[in-house]
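Colleague: One structure follows; several queries about it will come next.
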Amino acid sequence: MTWPVFTEEAIIRFLLVLARATAFFSVFPVFGGGGVPVRIKAAAGAVLALFLFGTVGPLADLPTHALGLALLIIKEVVLGILLGSLVNFVFMGAQFAGQSIGVQMGLAIASIFDPGTGEQVSVSGRFYYLVAILLFLGTDLHHPFLAGFGRSFELLPIGSGSFAVAGFQHWAELSGKVLLLAVRMSLPVIGALLLVDLALGFLSRLVPQMNIFLVGFPLKIGLGLAALALSMGVGARVLSSAIDSLVVDFHSLMSWMR
């Protein structure tokens, strides 16, 4: 029986692949956040690293000291976090849209603990986030990102130079799409609630004796939920379109980082 020979170069190469894959999964949707145990994230990163290890070419220059190896590992971790967090922008936008709707509906006081972020979030924000996760997994939209991550080892080989500053600038520009997506998803419901506020304002002028707060609070919640249900189809199409465009941004970011 012949045992495989693990050279120093192969071990260092696997550690660098493992660092990028583990960092990627630590912020990737579903796996990212505090809701998934660290051992699951590490195991997922290790399995992905094993699959990708055979496709990664040998290192051009081996680090001659521990500091050089540490810098290479940090570089791979930063790259993995950048790529994984870019995918998470869509889900941040969906959750922000839900939180904005919850504030307008009067549900801001009703919050739950989000294990993914470790913070208190509104019920509507968590609902939009879970809808985005179901759409992401149910339509297999995670496959292009996993395939793109595997291709990152071709566009950005391990141990090759440093990052381009333009890549970080491009990542910052793409983060601005979070607010745009949140506005597009929440606009139908917020627009309907704005009309309700205007109607209640006119009603308070016509009937000053009526307690508008007592009447308006359940009315806004009921009409807000109805508008939310009616706008889910539009919101799903907007979210799906945003994820599709994010696939292009995912590959463009790797090009900017070269």
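Just so we're on the same page: first chain in the structure tokens is A, next is B, and so on; residues restart at 1 for each chain, and ligands are numbered from 1 in the order they show up.
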Can you list, as a PDB file with N, CA and C atoms, in the first residue's frame, every residue of segment 76-217 of chain A that DSSP puts in alpha helix (DSSP H)?
Modeller:
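Contents of the output file result.pdb:
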```pdb
ATOM      1  N   GLU A  76      -5.832  35.709   1.925  1.00  0.00           N
ATOM      2  CA  GLU A  76      -6.883  34.795   1.482  1.00  0.00           C
ATOM      3  C   GLU A  76      -8.150  34.968   2.311  1.00  0.00           C
ATOM      4  N   VAL A  77      -8.004  35.221   3.599  1.00  0.00           N
ATOM      5  CA  VAL A  77      -9.169  35.434   4.459  1.00  0.00           C
ATOM      6  C   VAL A  77      -9.919  36.694   4.039  1.00  0.00           C
ATOM      7  N   VAL A  78      -9.179  37.769   3.773  1.00  0.00           N
ATOM      8  CA  VAL A  78      -9.812  39.020   3.347  1.00  0.00           C
ATOM      9  C   VAL A  78     -10.546  38.823   2.026  1.00  0.00           C
ATOM     10  N   LEU A  79      -9.936  38.100   1.095  1.00  0.00           N
ATOM     11  CA  LEU A  79     -10.574  37.860  -0.197  1.00  0.00           C
ATOM     12  C   LEU A  79     -11.846  37.035  -0.023  1.00  0.00           C
ATOM     13  N   GLY A  80     -11.800  36.005   0.812  1.00  0.00           N
ATOM     14  CA  GLY A  80     -12.984  35.196   1.050  1.00  0.00           C
ATOM     15  C   GLY A  80     -14.112  35.992   1.674  1.00  0.00           C
ATOM     16  N   ILE A  81     -13.776  36.880   2.607  1.00  0.00           N
ATOM     17  CA  ILE A  81     -14.797  37.709   3.253  1.00  0.00           C
ATOM     18  C   ILE A  81     -15.404  38.694   2.251  1.00  0.00           C
ATOM     19  N   LEU A  82     -14.579  39.279   1.405  1.00  0.00           N
ATOM     20  CA  LEU A  82     -15.090  40.222   0.402  1.00  0.00           C
ATOM     21  C   LEU A  82     -16.072  39.541  -0.550  1.00  0.00           C
ATOM     22  N   LEU A  83     -15.730  38.356  -1.022  1.00  0.00           N
ATOM     23  CA  LEU A  83     -16.602  37.656  -1.956  1.00  0.00           C
ATOM     24  C   LEU A  83     -17.892  37.193  -1.281  1.00  0.00           C
ATOM     25  N   GLY A  84     -17.771  36.665  -0.063  1.00  0.00           N
ATOM     26  CA  GLY A  84     -18.962  36.202   0.633  1.00  0.00           C
ATOM     27  C   GLY A  84     -19.886  37.318   1.053  1.00  0.00           C
ATOM     28  N   SER A  85     -19.320  38.429   1.517  1.00  0.00           N
ATOM     29  CA  SER A  85     -20.151  39.556   1.940  1.00  0.00           C
ATOM     30  C   SER A  85     -20.849  40.212   0.763  1.00  0.00           C
ATOM     31  N   LEU A  86     -20.247  40.147  -0.432  1.00  0.00           N
ATOM     32  CA  LEU A  86     -20.904  40.702  -1.609  1.00  0.00           C
ATOM     33  C   LEU A  86     -22.219  39.976  -1.883  1.00  0.00           C
ATOM     34  N   VAL A  87     -22.231  38.657  -1.733  1.00  0.00           N
ATOM     35  CA  VAL A  87     -23.463  37.892  -1.920  1.00  0.00           C
ATOM     36  C   VAL A  87     -24.488  38.265  -0.850  1.00  0.00           C
ATOM     37  N   ASN A  88     -24.017  38.604   0.323  1.00  0.00           N
ATOM     38  CA  ASN A  88     -24.908  38.915   1.448  1.00  0.00           C
ATOM     39  C   ASN A  88     -25.571  40.284   1.312  1.00  0.00           C
ATOM     40  N   PHE A  89     -25.116  41.119   0.366  1.00  0.00           N
ATOM     41  CA  PHE A  89     -25.703  42.443   0.198  1.00  0.00           C
ATOM     42  C   PHE A  89     -27.201  42.353  -0.115  1.00  0.00           C
ATOM     43  N   VAL A  90     -27.593  41.386  -0.927  1.00  0.00           N
ATOM     44  CA  VAL A  90     -29.004  41.250  -1.296  1.00  0.00           C
ATOM     45  C   VAL A  90     -29.858  40.976  -0.064  1.00  0.00           C
ATOM     46  N   PHE A  91     -29.374  40.151   0.820  1.00  0.00           N
ATOM     47  CA  PHE A  91     -30.150  39.780   1.996  1.00  0.00           C
ATOM     48  C   PHE A  91     -30.184  40.918   3.022  1.00  0.00           C
ATOM     49  N   MET A  92     -29.121  41.700   3.047  1.00  0.00           N
ATOM     50  CA  MET A  92     -29.145  42.896   3.880  1.00  0.00           C
ATOM     51  C   MET A  92     -30.187  43.886   3.379  1.00  0.00           C
ATOM     52  N   GLY A  93     -30.278  44.032   2.049  1.00  0.00           N
ATOM     53  CA  GLY A  93     -31.283  44.918   1.465  1.00  0.00           C
ATOM     54  C   GLY A  93     -32.692  44.438   1.740  1.00  0.00           C
ATOM     55  N   ALA A  94     -32.918  43.117   1.649  1.00  0.00           N
ATOM     56  CA  ALA A  94     -34.250  42.569   1.931  1.00  0.00           C
ATOM     57  C   ALA A  94     -34.643  42.792   3.386  1.00  0.00           C
ATOM     58  N   GLN A  95     -33.712  42.581   4.299  1.00  0.00           N
ATOM     59  CA  GLN A  95     -34.028  42.777   5.712  1.00  0.00           C
ATOM     60  C   GLN A  95     -34.264  44.253   6.026  1.00  0.00           C
ATOM     61  N   PHE A  96     -33.494  45.133   5.413  1.00  0.00           N
ATOM     62  CA  PHE A  96     -33.691  46.565   5.633  1.00  0.00           C
ATOM     63  C   PHE A  96     -35.041  47.016   5.088  1.00  0.00           C
ATOM     64  N   ALA A  97     -35.468  46.439   3.961  1.00  0.00           N
ATOM     65  CA  ALA A  97     -36.791  46.754   3.413  1.00  0.00           C
ATOM     66  C   ALA A  97     -37.882  46.337   4.383  1.00  0.00           C
ATOM     67  N   GLY A  98     -37.752  45.137   4.964  1.00  0.00           N
ATOM     68  CA  GLY A  98     -38.744  44.683   5.926  1.00  0.00           C
ATOM     69  C   GLY A  98     -38.779  45.535   7.180  1.00  0.00           C
ATOM     70  N   GLN A  99     -37.609  45.968   7.638  1.00  0.00           N
ATOM     71  CA  GLN A  99     -37.577  46.824   8.820  1.00  0.00           C
ATOM     72  C   GLN A  99     -38.218  48.181   8.542  1.00  0.00           C
ATOM     73  N   SER A 100     -38.001  48.719   7.358  1.00  0.00           N
ATOM     74  CA  SER A 100     -38.628  49.997   7.000  1.00  0.00           C
ATOM     75  C   SER A 100     -40.149  49.870   6.967  1.00  0.00           C
ATOM     76  N   ILE A 101     -40.626  48.756   6.427  1.00  0.00           N
ATOM     77  CA  ILE A 101     -42.065  48.520   6.389  1.00  0.00           C
ATOM     78  C   ILE A 101     -42.616  48.368   7.807  1.00  0.00           C
ATOM     79  N   GLY A 102     -41.878  47.663   8.657  1.00  0.00           N
ATOM     80  CA  GLY A 102     -42.331  47.480  10.025  1.00  0.00           C
ATOM     81  C   GLY A 102     -42.454  48.788  10.787  1.00  0.00           C
ATOM     82  N   VAL A 103     -41.539  49.721  10.538  1.00  0.00           N
ATOM     83  CA  VAL A 103     -41.613  51.028  11.200  1.00  0.00           C
ATOM     84  C   VAL A 103     -42.857  51.780  10.749  1.00  0.00           C
ATOM     85  N   GLN A 104     -43.152  51.741   9.456  1.00  0.00           N
ATOM     86  CA  GLN A 104     -44.326  52.444   8.946  1.00  0.00           C
ATOM     87  C   GLN A 104     -45.630  51.809   9.417  1.00  0.00           C
ATOM     88  N   MET A 105     -45.627  50.496   9.602  1.00  0.00           N
ATOM     89  CA  MET A 105     -46.826  49.809  10.054  1.00  0.00           C
ATOM     90  C   MET A 105     -47.052  49.936  11.556  1.00  0.00           C
ATOM     91  N   VAL A 123     -40.070  42.016  13.198  1.00  0.00           N
ATOM     92  CA  VAL A 123     -40.650  40.786  12.665  1.00  0.00           C
ATOM     93  C   VAL A 123     -40.714  40.833  11.141  1.00  0.00           C
ATOM     94  N   SER A 124     -41.094  41.966  10.591  1.00  0.00           N
ATOM     95  CA  SER A 124     -41.182  42.090   9.136  1.00  0.00           C
ATOM     96  C   SER A 124     -39.801  41.999   8.486  1.00  0.00           C
ATOM     97  N   GLY A 125     -38.778  42.537   9.149  1.00  0.00           N
ATOM     98  CA  GLY A 125     -37.427  42.436   8.609  1.00  0.00           C
ATOM     99  C   GLY A 125     -36.956  40.996   8.556  1.00  0.00           C
ATOM    100  N   ARG A 126     -37.239  40.247   9.612  1.00  0.00           N
ATOM    101  CA  ARG A 126     -36.867  38.833   9.620  1.00  0.00           C
ATOM    102  C   ARG A 126     -37.660  38.048   8.584  1.00  0.00           C
ATOM    103  N   PHE A 127     -38.924  38.431   8.382  1.00  0.00           N
ATOM    104  CA  PHE A 127     -39.754  37.761   7.387  1.00  0.00           C
ATOM    105  C   PHE A 127     -39.183  37.947   5.986  1.00  0.00           C
ATOM    106  N   TYR A 128     -38.813  39.172   5.639  1.00  0.00           N
ATOM    107  CA  TYR A 128     -38.245  39.429   4.316  1.00  0.00           C
ATOM    108  C   TYR A 128     -36.922  38.691   4.145  1.00  0.00           C
ATOM    109  N   TYR A 129     -36.143  38.617   5.204  1.00  0.00           N
ATOM    110  CA  TYR A 129     -34.859  37.910   5.129  1.00  0.00           C
ATOM    111  C   TYR A 129     -35.079  36.428   4.851  1.00  0.00           C
ATOM    112  N   LEU A 130     -36.044  35.822   5.529  1.00  0.00           N
ATOM    113  CA  LEU A 130     -36.311  34.400   5.311  1.00  0.00           C
ATOM    114  C   LEU A 130     -36.891  34.149   3.922  1.00  0.00           C
ATOM    115  N   VAL A 131     -37.715  35.066   3.427  1.00  0.00           N
ATOM    116  CA  VAL A 131     -38.226  34.939   2.057  1.00  0.00           C
ATOM    117  C   VAL A 131     -37.071  34.977   1.060  1.00  0.00           C
ATOM    118  N   ALA A 132     -36.115  35.874   1.294  1.00  0.00           N
ATOM    119  CA  ALA A 132     -34.957  35.955   0.405  1.00  0.00           C
ATOM    120  C   ALA A 132     -34.138  34.666   0.446  1.00  0.00           C
ATOM    121  N   ILE A 133     -33.975  34.077   1.631  1.00  0.00           N
ATOM    122  CA  ILE A 133     -33.234  32.820   1.756  1.00  0.00           C
ATOM    123  C   ILE A 133     -33.958  31.696   1.012  1.00  0.00           C
ATOM    124  N   LEU A 134     -35.283  31.609   1.178  1.00  0.00           N
ATOM    125  CA  LEU A 134     -36.052  30.563   0.496  1.00  0.00           C
ATOM    126  C   LEU A 134     -35.975  30.719  -1.022  1.00  0.00           C
ATOM    127  N   LEU A 135     -36.052  31.954  -1.503  1.00  0.00           N
ATOM    128  CA  LEU A 135     -35.939  32.193  -2.943  1.00  0.00           C
ATOM    129  C   LEU A 135     -34.546  31.847  -3.435  1.00  0.00           C
ATOM    130  N   PHE A 136     -33.554  32.177  -2.658  1.00  0.00           N
ATOM    131  CA  PHE A 136     -32.156  31.937  -3.012  1.00  0.00           C
ATOM    132  C   PHE A 136     -31.881  30.441  -3.151  1.00  0.00           C
ATOM    133  N   LEU A 137     -32.371  29.649  -2.205  1.00  0.00           N
ATOM    134  CA  LEU A 137     -32.121  28.209  -2.230  1.00  0.00           C
ATOM    135  C   LEU A 137     -33.111  27.470  -3.130  1.00  0.00           C
ATOM    136  N   GLY A 138     -34.384  27.908  -3.133  1.00  0.00           N
ATOM    137  CA  GLY A 138     -35.400  27.198  -3.895  1.00  0.00           C
ATOM    138  C   GLY A 138     -35.201  27.275  -5.390  1.00  0.00           C
ATOM    139  N   HIS A 142     -27.845  29.806  -5.586  1.00  0.00           N
ATOM    140  CA  HIS A 142     -26.556  29.727  -4.906  1.00  0.00           C
ATOM    141  C   HIS A 142     -25.507  28.999  -5.740  1.00  0.00           C
ATOM    142  N   HIS A 143     -25.933  28.232  -6.730  1.00  0.00           N
ATOM    143  CA  HIS A 143     -24.978  27.489  -7.547  1.00  0.00           C
ATOM    144  C   HIS A 143     -24.025  28.396  -8.332  1.00  0.00           C
ATOM    145  N   PRO A 144     -24.515  29.476  -8.989  1.00  0.00           N
ATOM    146  CA  PRO A 144     -23.566  30.338  -9.715  1.00  0.00           C
ATOM    147  C   PRO A 144     -22.496  30.957  -8.815  1.00  0.00           C
ATOM    148  N   PHE A 145     -22.861  31.258  -7.562  1.00  0.00           N
ATOM    149  CA  PHE A 145     -21.879  31.874  -6.673  1.00  0.00           C
ATOM    150  C   PHE A 145     -20.833  30.858  -6.212  1.00  0.00           C
ATOM    151  N   LEU A 146     -21.270  29.620  -5.963  1.00  0.00           N
ATOM    152  CA  LEU A 146     -20.306  28.588  -5.586  1.00  0.00           C
ATOM    153  C   LEU A 146     -19.378  28.270  -6.762  1.00  0.00           C
ATOM    154  N   ALA A 147     -19.947  28.229  -7.981  1.00  0.00           N
ATOM    155  CA  ALA A 147     -19.106  28.009  -9.155  1.00  0.00           C
ATOM    156  C   ALA A 147     -18.152  29.187  -9.375  1.00  0.00           C
ATOM    157  N   GLY A 148     -18.661  30.410  -9.146  1.00  0.00           N
ATOM    158  CA  GLY A 148     -17.804  31.586  -9.283  1.00  0.00           C
ATOM    159  C   GLY A 148     -16.691  31.606  -8.250  1.00  0.00           C
ATOM    160  N   PHE A 149     -16.987  31.118  -7.048  1.00  0.00           N
ATOM    161  CA  PHE A 149     -15.933  31.056  -6.034  1.00  0.00           C
ATOM    162  C   PHE A 149     -14.845  30.073  -6.448  1.00  0.00           C
ATOM    163  N   GLY A 150     -15.244  28.946  -7.040  1.00  0.00           N
ATOM    164  CA  GLY A 150     -14.231  28.009  -7.530  1.00  0.00           C
ATOM    165  C   GLY A 150     -13.382  28.624  -8.629  1.00  0.00           C
ATOM    166  N   ARG A 151     -14.007  29.463  -9.444  1.00  0.00           N
ATOM    167  CA  ARG A 151     -13.261  30.127 -10.526  1.00  0.00           C
ATOM    168  C   ARG A 151     -12.347  31.226  -9.989  1.00  0.00           C
ATOM    169  N   SER A 152     -12.582  31.662  -8.758  1.00  0.00           N
ATOM    170  CA  SER A 152     -11.742  32.724  -8.195  1.00  0.00           C
ATOM    171  C   SER A 152     -10.292  32.286  -8.063  1.00  0.00           C
ATOM    172  N   PHE A 153     -10.060  30.979  -7.946  1.00  0.00           N
ATOM    173  CA  PHE A 153      -8.682  30.496  -7.838  1.00  0.00           C
ATOM    174  C   PHE A 153      -7.957  30.564  -9.166  1.00  0.00           C
ATOM    175  N   GLU A 154      -8.711  30.710 -10.267  1.00  0.00           N
ATOM    176  CA  GLU A 154      -8.086  30.923 -11.569  1.00  0.00           C
ATOM    177  C   GLU A 154      -7.816  32.406 -11.812  1.00  0.00           C
ATOM    178  N   LEU A 155      -8.807  33.257 -11.469  1.00  0.00           N
ATOM    179  CA  LEU A 155      -8.635  34.697 -11.678  1.00  0.00           C
ATOM    180  C   LEU A 155      -7.702  35.311 -10.647  1.00  0.00           C
ATOM    181  N   VAL A 165      -6.275  48.363  -5.371  1.00  0.00           N
ATOM    182  CA  VAL A 165      -7.127  49.289  -4.612  1.00  0.00           C
ATOM    183  C   VAL A 165      -8.469  49.475  -5.301  1.00  0.00           C
ATOM    184  N   ALA A 166      -8.484  49.391  -6.629  1.00  0.00           N
ATOM    185  CA  ALA A 166      -9.732  49.548  -7.373  1.00  0.00           C
ATOM    186  C   ALA A 166     -10.747  48.481  -6.990  1.00  0.00           C
ATOM    187  N   GLY A 167     -10.280  47.301  -6.574  1.00  0.00           N
ATOM    188  CA  GLY A 167     -11.202  46.250  -6.166  1.00  0.00           C
ATOM    189  C   GLY A 167     -11.978  46.627  -4.919  1.00  0.00           C
ATOM    190  N   PHE A 168     -11.314  47.227  -3.947  1.00  0.00           N
ATOM    191  CA  PHE A 168     -11.992  47.672  -2.729  1.00  0.00           C
ATOM    192  C   PHE A 168     -12.966  48.813  -3.042  1.00  0.00           C
ATOM    193  N   GLN A 169     -12.576  49.702  -3.941  1.00  0.00           N
ATOM    194  CA  GLN A 169     -13.475  50.785  -4.336  1.00  0.00           C
ATOM    195  C   GLN A 169     -14.707  50.246  -5.042  1.00  0.00           C
ATOM    196  N   HIS A 170     -14.519  49.242  -5.880  1.00  0.00           N
ATOM    197  CA  HIS A 170     -15.654  48.645  -6.576  1.00  0.00           C
ATOM    198  C   HIS A 170     -16.578  47.930  -5.593  1.00  0.00           C
ATOM    199  N   TRP A 171     -16.013  47.270  -4.600  1.00  0.00           N
ATOM    200  CA  TRP A 171     -16.816  46.610  -3.568  1.00  0.00           C
ATOM    201  C   TRP A 171     -17.647  47.631  -2.799  1.00  0.00           C
ATOM    202  N   ALA A 172     -17.053  48.782  -2.492  1.00  0.00           N
ATOM    203  CA  ALA A 172     -17.791  49.835  -1.789  1.00  0.00           C
ATOM    204  C   ALA A 172     -18.916  50.391  -2.656  1.00  0.00           C
ATOM    205  N   GLU A 173     -18.672  50.523  -3.955  1.00  0.00           N
ATOM    206  CA  GLU A 173     -19.723  51.002  -4.857  1.00  0.00           C
ATOM    207  C   GLU A 173     -20.879  50.002  -4.928  1.00  0.00           C
ATOM    208  N   LEU A 174     -20.571  48.727  -4.955  1.00  0.00           N
ATOM    209  CA  LEU A 174     -21.620  47.711  -5.018  1.00  0.00           C
ATOM    210  C   LEU A 174     -22.432  47.666  -3.729  1.00  0.00           C
ATOM    211  N   SER A 175     -21.813  48.038  -2.611  1.00  0.00           N
ATOM    212  CA  SER A 175     -22.563  48.042  -1.343  1.00  0.00           C
ATOM    213  C   SER A 175     -23.685  49.074  -1.353  1.00  0.00           C
ATOM    214  N   LYS A 177     -25.884  49.337  -3.507  1.00  0.00           N
ATOM    215  CA  LYS A 177     -27.093  48.718  -4.035  1.00  0.00           C
ATOM    216  C   LYS A 177     -27.995  48.186  -2.934  1.00  0.00           C
ATOM    217  N   VAL A 178     -27.475  48.076  -1.719  1.00  0.00           N
ATOM    218  CA  VAL A 178     -28.299  47.605  -0.599  1.00  0.00           C
ATOM    219  C   VAL A 178     -29.472  48.552  -0.378  1.00  0.00           C
ATOM    220  N   LEU A 179     -29.197  49.851  -0.316  1.00  0.00           N
ATOM    221  CA  LEU A 179     -30.251  50.841  -0.101  1.00  0.00           C
ATOM    222  C   LEU A 179     -31.213  50.883  -1.278  1.00  0.00           C
ATOM    223  N   LEU A 180     -30.685  50.804  -2.494  1.00  0.00           N
ATOM    224  CA  LEU A 180     -31.540  50.838  -3.685  1.00  0.00           C
ATOM    225  C   LEU A 180     -32.498  49.647  -3.698  1.00  0.00           C
ATOM    226  N   LEU A 181     -31.986  48.471  -3.360  1.00  0.00           N
ATOM    227  CA  LEU A 181     -32.838  47.283  -3.329  1.00  0.00           C
ATOM    228  C   LEU A 181     -33.899  47.398  -2.246  1.00  0.00           C
ATOM    229  N   ALA A 182     -33.520  47.927  -1.085  1.00  0.00           N
ATOM    230  CA  ALA A 182     -34.482  48.084   0.006  1.00  0.00           C
ATOM    231  C   ALA A 182     -35.610  49.032  -0.383  1.00  0.00           C
ATOM    232  N   VAL A 183     -35.273  50.114  -1.077  1.00  0.00           N
ATOM    233  CA  VAL A 183     -36.300  51.077  -1.512  1.00  0.00           C
ATOM    234  C   VAL A 183     -37.230  50.440  -2.531  1.00  0.00           C
ATOM    235  N   ARG A 184     -36.678  49.697  -3.478  1.00  0.00           N
ATOM    236  CA  ARG A 184     -37.511  49.074  -4.512  1.00  0.00           C
ATOM    237  C   ARG A 184     -38.445  48.026  -3.933  1.00  0.00           C
ATOM    238  N   MET A 185     -37.994  47.280  -2.932  1.00  0.00           N
ATOM    239  CA  MET A 185     -38.832  46.236  -2.360  1.00  0.00           C
ATOM    240  C   MET A 185     -39.902  46.788  -1.429  1.00  0.00           C
ATOM    241  N   SER A 186     -39.585  47.842  -0.730  1.00  0.00           N
ATOM    242  CA  SER A 186     -40.522  48.378   0.265  1.00  0.00           C
ATOM    243  C   SER A 186     -41.429  49.460  -0.285  1.00  0.00           C
ATOM    244  N   LEU A 187     -41.160  49.961  -1.483  1.00  0.00           N
ATOM    245  CA  LEU A 187     -41.915  51.101  -2.017  1.00  0.00           C
ATOM    246  C   LEU A 187     -43.423  50.834  -2.142  1.00  0.00           C
ATOM    247  N   PRO A 188     -43.873  49.674  -2.649  1.00  0.00           N
ATOM    248  CA  PRO A 188     -45.331  49.475  -2.749  1.00  0.00           C
ATOM    249  C   PRO A 188     -46.048  49.550  -1.405  1.00  0.00           C
ATOM    250  N   VAL A 189     -45.475  48.908  -0.388  1.00  0.00           N
ATOM    251  CA  VAL A 189     -46.137  48.898   0.926  1.00  0.00           C
ATOM    252  C   VAL A 189     -46.049  50.264   1.585  1.00  0.00           C
ATOM    253  N   ILE A 190     -44.893  50.890   1.528  1.00  0.00           N
ATOM    254  CA  ILE A 190     -44.740  52.209   2.144  1.00  0.00           C
ATOM    255  C   ILE A 190     -45.622  53.231   1.429  1.00  0.00           C
ATOM    256  N   GLY A 191     -45.753  53.111   0.105  1.00  0.00           N
ATOM    257  CA  GLY A 191     -46.647  54.009  -0.626  1.00  0.00           C
ATOM    258  C   GLY A 191     -48.097  53.838  -0.198  1.00  0.00           C
ATOM    259  N   ALA A 192     -48.529  52.595  -0.010  1.00  0.00           N
ATOM    260  CA  ALA A 192     -49.898  52.352   0.451  1.00  0.00           C
ATOM    261  C   ALA A 192     -50.116  52.893   1.856  1.00  0.00           C
ATOM    262  N   LEU A 193     -49.136  52.725   2.718  1.00  0.00           N
ATOM    263  CA  LEU A 193     -49.257  53.235   4.082  1.00  0.00           C
ATOM    264  C   LEU A 193     -49.236  54.759   4.113  1.00  0.00           C
ATOM    265  N   LEU A 194     -48.530  55.369   3.175  1.00  0.00           N
ATOM    266  CA  LEU A 194     -48.527  56.832   3.091  1.00  0.00           C
ATOM    267  C   LEU A 194     -49.923  57.344   2.732  1.00  0.00           C
ATOM    268  N   LEU A 195     -50.601  56.649   1.833  1.00  0.00           N
ATOM    269  CA  LEU A 195     -51.974  57.039   1.498  1.00  0.00           C
ATOM    270  C   LEU A 195     -52.905  56.884   2.701  1.00  0.00           C
ATOM    271  N   VAL A 196     -52.672  55.854   3.497  1.00  0.00           N
ATOM    272  CA  VAL A 196     -53.468  55.673   4.712  1.00  0.00           C
ATOM    273  C   VAL A 196     -53.222  56.822   5.686  1.00  0.00           C
ATOM    274  N   ASP A 197     -51.959  57.236   5.833  1.00  0.00           N
ATOM    275  CA  ASP A 197     -51.651  58.366   6.717  1.00  0.00           C
ATOM    276  C   ASP A 197     -52.331  59.645   6.235  1.00  0.00           C
ATOM    277  N   LEU A 198     -52.343  59.857   4.919  1.00  0.00           N
ATOM    278  CA  LEU A 198     -53.015  61.047   4.380  1.00  0.00           C
ATOM    279  C   LEU A 198     -54.519  60.984   4.642  1.00  0.00           C
ATOM    280  N   ALA A 199     -55.124  59.823   4.467  1.00  0.00           N
ATOM    281  CA  ALA A 199     -56.557  59.676   4.720  1.00  0.00           C
ATOM    282  C   ALA A 199     -56.874  59.901   6.194  1.00  0.00           C
ATOM    283  N   LEU A 200     -56.039  59.382   7.067  1.00  0.00           N
ATOM    284  CA  LEU A 200     -56.256  59.592   8.494  1.00  0.00           C
ATOM    285  C   LEU A 200     -56.071  61.060   8.875  1.00  0.00           C
ATOM    286  N   GLY A 201     -55.165  61.738   8.200  1.00  0.00           N
ATOM    287  CA  GLY A 201     -54.974  63.159   8.465  1.00  0.00           C
ATOM    288  C   GLY A 201     -56.193  63.975   8.098  1.00  0.00           C
ATOM    289  N   PHE A 202     -56.751  63.691   6.918  1.00  0.00           N
ATOM    290  CA  PHE A 202     -57.992  64.379   6.533  1.00  0.00           C
ATOM    291  C   PHE A 202     -59.139  64.045   7.482  1.00  0.00           C
ATOM    292  N   LEU A 203     -59.181  62.776   7.916  1.00  0.00           N
ATOM    293  CA  LEU A 203     -60.258  62.366   8.818  1.00  0.00           C
ATOM    294  C   LEU A 203     -60.152  63.064  10.166  1.00  0.00           C
ATOM    295  N   SER A 204     -58.922  63.271  10.627  1.00  0.00           N
ATOM    296  CA  SER A 204     -58.752  63.963  11.906  1.00  0.00           C
ATOM    297  C   SER A 204     -59.178  65.420  11.826  1.00  0.00           C
ATOM    298  N   ARG A 205     -59.085  66.028  10.648  1.00  0.00           N
ATOM    299  CA  ARG A 205     -59.543  67.415  10.477  1.00  0.00           C
ATOM    300  C   ARG A 205     -61.070  67.483  10.372  1.00  0.00           C
ATOM    301  N   LEU A 206     -61.654  66.444   9.746  1.00  0.00           N
ATOM    302  CA  LEU A 206     -63.102  66.438   9.590  1.00  0.00           C
ATOM    303  C   LEU A 206     -63.819  66.060  10.877  1.00  0.00           C
ATOM    304  N   ILE A 212     -57.845  59.330  16.493  1.00  0.00           N
ATOM    305  CA  ILE A 212     -57.224  58.816  15.280  1.00  0.00           C
ATOM    306  C   ILE A 212     -56.161  57.766  15.593  1.00  0.00           C
ATOM    307  N   PHE A 213     -55.441  57.961  16.681  1.00  0.00           N
ATOM    308  CA  PHE A 213     -54.399  56.997  17.038  1.00  0.00           C
ATOM    309  C   PHE A 213     -55.002  55.627  17.333  1.00  0.00           C
ATOM    310  N   LEU A 214     -56.106  55.618  18.041  1.00  0.00           N
ATOM    311  CA  LEU A 214     -56.750  54.360  18.394  1.00  0.00           C
ATOM    312  C   LEU A 214     -57.320  53.658  17.165  1.00  0.00           C
ATOM    313  N   VAL A 215     -57.828  54.440  16.231  1.00  0.00           N
ATOM    314  CA  VAL A 215     -58.389  53.862  15.010  1.00  0.00           C
ATOM    315  C   VAL A 215     -57.291  53.534  13.991  1.00  0.00           C
ATOM    316  N   GLY A 216     -56.315  54.416  13.888  1.00  0.00           N
ATOM    317  CA  GLY A 216     -55.308  54.270  12.849  1.00  0.00           C
ATOM    318  C   GLY A 216     -54.315  53.157  13.093  1.00  0.00           C
ATOM    319  N   PHE A 217     -54.039  52.840  14.358  1.00  0.00           N
ATOM    320  CA  PHE A 217     -53.018  51.824  14.657  1.00  0.00           C
ATOM    321  C   PHE A 217     -53.410  50.455  14.107  1.00  0.00           C
TER     322      PHE A 217
END
```
Colleague: Could you give me, as a short mmCIF file (atom, residue, chain, number, x, y, z; two decimals) with N, CA and C atoms, in the first residue's frame, each residue of segment 50-206 of chain A that DSSP assigns to strand (DSSP E or B) when run on this structure's backbone?
Modeller:
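Saved to out00.cif:
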```
data_model
loop_
_atom_site.label_atom_id
_atom_site.label_comp_id
_atom_site.auth_asym_id
_atom_site.auth_seq_id
_atom_site.Cartn_x
_atom_site.Cartn_y
_atom_site.Cartn_z
N SER A 111 -40.09 43.20 18.20
CA SER A 111 -38.82 42.76 17.64
C SER A 111 -38.47 41.39 18.20
N ILE A 112 -37.63 40.68 17.48
CA ILE A 112 -37.18 39.37 17.90
C ILE A 112 -35.65 39.35 17.82
N PHE A 113 -35.05 38.38 18.47
CA PHE A 113 -33.60 38.23 18.44
C PHE A 113 -33.20 37.48 17.19
N ASP A 114 -32.35 38.11 16.39
CA ASP A 114 -31.86 37.50 15.16
C ASP A 114 -30.54 36.81 15.45
N GLU A 119 -28.57 40.68 16.94
CA GLU A 119 -29.24 41.92 17.30
C GLU A 119 -30.75 41.72 17.29
N GLN A 120 -31.47 42.72 17.81
CA GLN A 120 -32.92 42.71 17.77
C GLN A 120 -33.38 43.28 16.43
N VAL A 121 -34.20 42.54 15.70
CA VAL A 121 -34.72 43.00 14.42
C VAL A 121 -36.24 42.90 14.45
N SER A 122 -36.88 43.66 13.57
CA SER A 122 -38.33 43.64 13.52
C SER A 122 -38.82 42.34 12.90
#
```
